[in-house]
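*Asks:* What follows is a structure written as structure tokens; I'll ask about it next.
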Amino acid sequence: MSIGDVVVGFVESAGPVYVALHGPRYDRAVEVSQSLVFDVAAAALLAHVRVVDHLTAELAKPHDSGSSAATSHVA
């Protein structure tokens, strides 16, 4: 399965089950979902990709290290 020209994963048939695998290479892809319905497995893969992309973008943002709101203090 691809988004534009980028391969984001695969949906593999394993008997009656469709397995959604995330990753650009089949031999390194990670299972993210199983379903008896192909469309559900494909939707789960795309949802997983959106979450991973969002988290990657958030982690790439510069953070204010002076903020105490996210700092934990242990007594």
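Just remember, in the structure tokens the first chain shown is A, the second B, etc., residues are 1-based per chain, and ligands are 1-based in the order shown.
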Excluding same-chain residues fewer than 5 positions from A:Tyr18, what lies within 9 Å of it counting only C-alpha atoms, as number ranges by chain?
*Replies:* A: 11-13, 33-38, 40-42
*Asks:* Quick one: everything within 7 Å of A:His22, counting only C-alpha atoms, minus sequence neighbours fewer than 4 positions away in the same chain. Send it as an MDAnalysis selection string.
*Replies:* chainID A and resid 8:10 29:32 45
*Asks:* Check chain A with DSSP on the backbone and list each residue it calls helix (DSSP H, G or I), as a ChimeraX atom specification.
*Replies:* /A:26-28,38-60
*Asks:* Pull the strand (DSSP E) assignments for chain A out of DSSP run on the backbone, and list those residues as a list in words.
*Replies:* Ser2, Ile3, Val6, Val7, Gly9, Phe10, Val11, Glu12, Ser13, Ala14, Val17, Tyr18, Val19, Ala20, Leu21, His22, Val30, Glu31, Val32, Ser33, Gln34 and Ser35 of chain A
*Asks:* State, in Å with one decimal place, the distance from atom CA of A:Val6 to atom CA of A:Val19.
*Replies:*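 About the pair atom CA of A:Val6 and atom CA of A:Val19: they are 19.5 Å apart.
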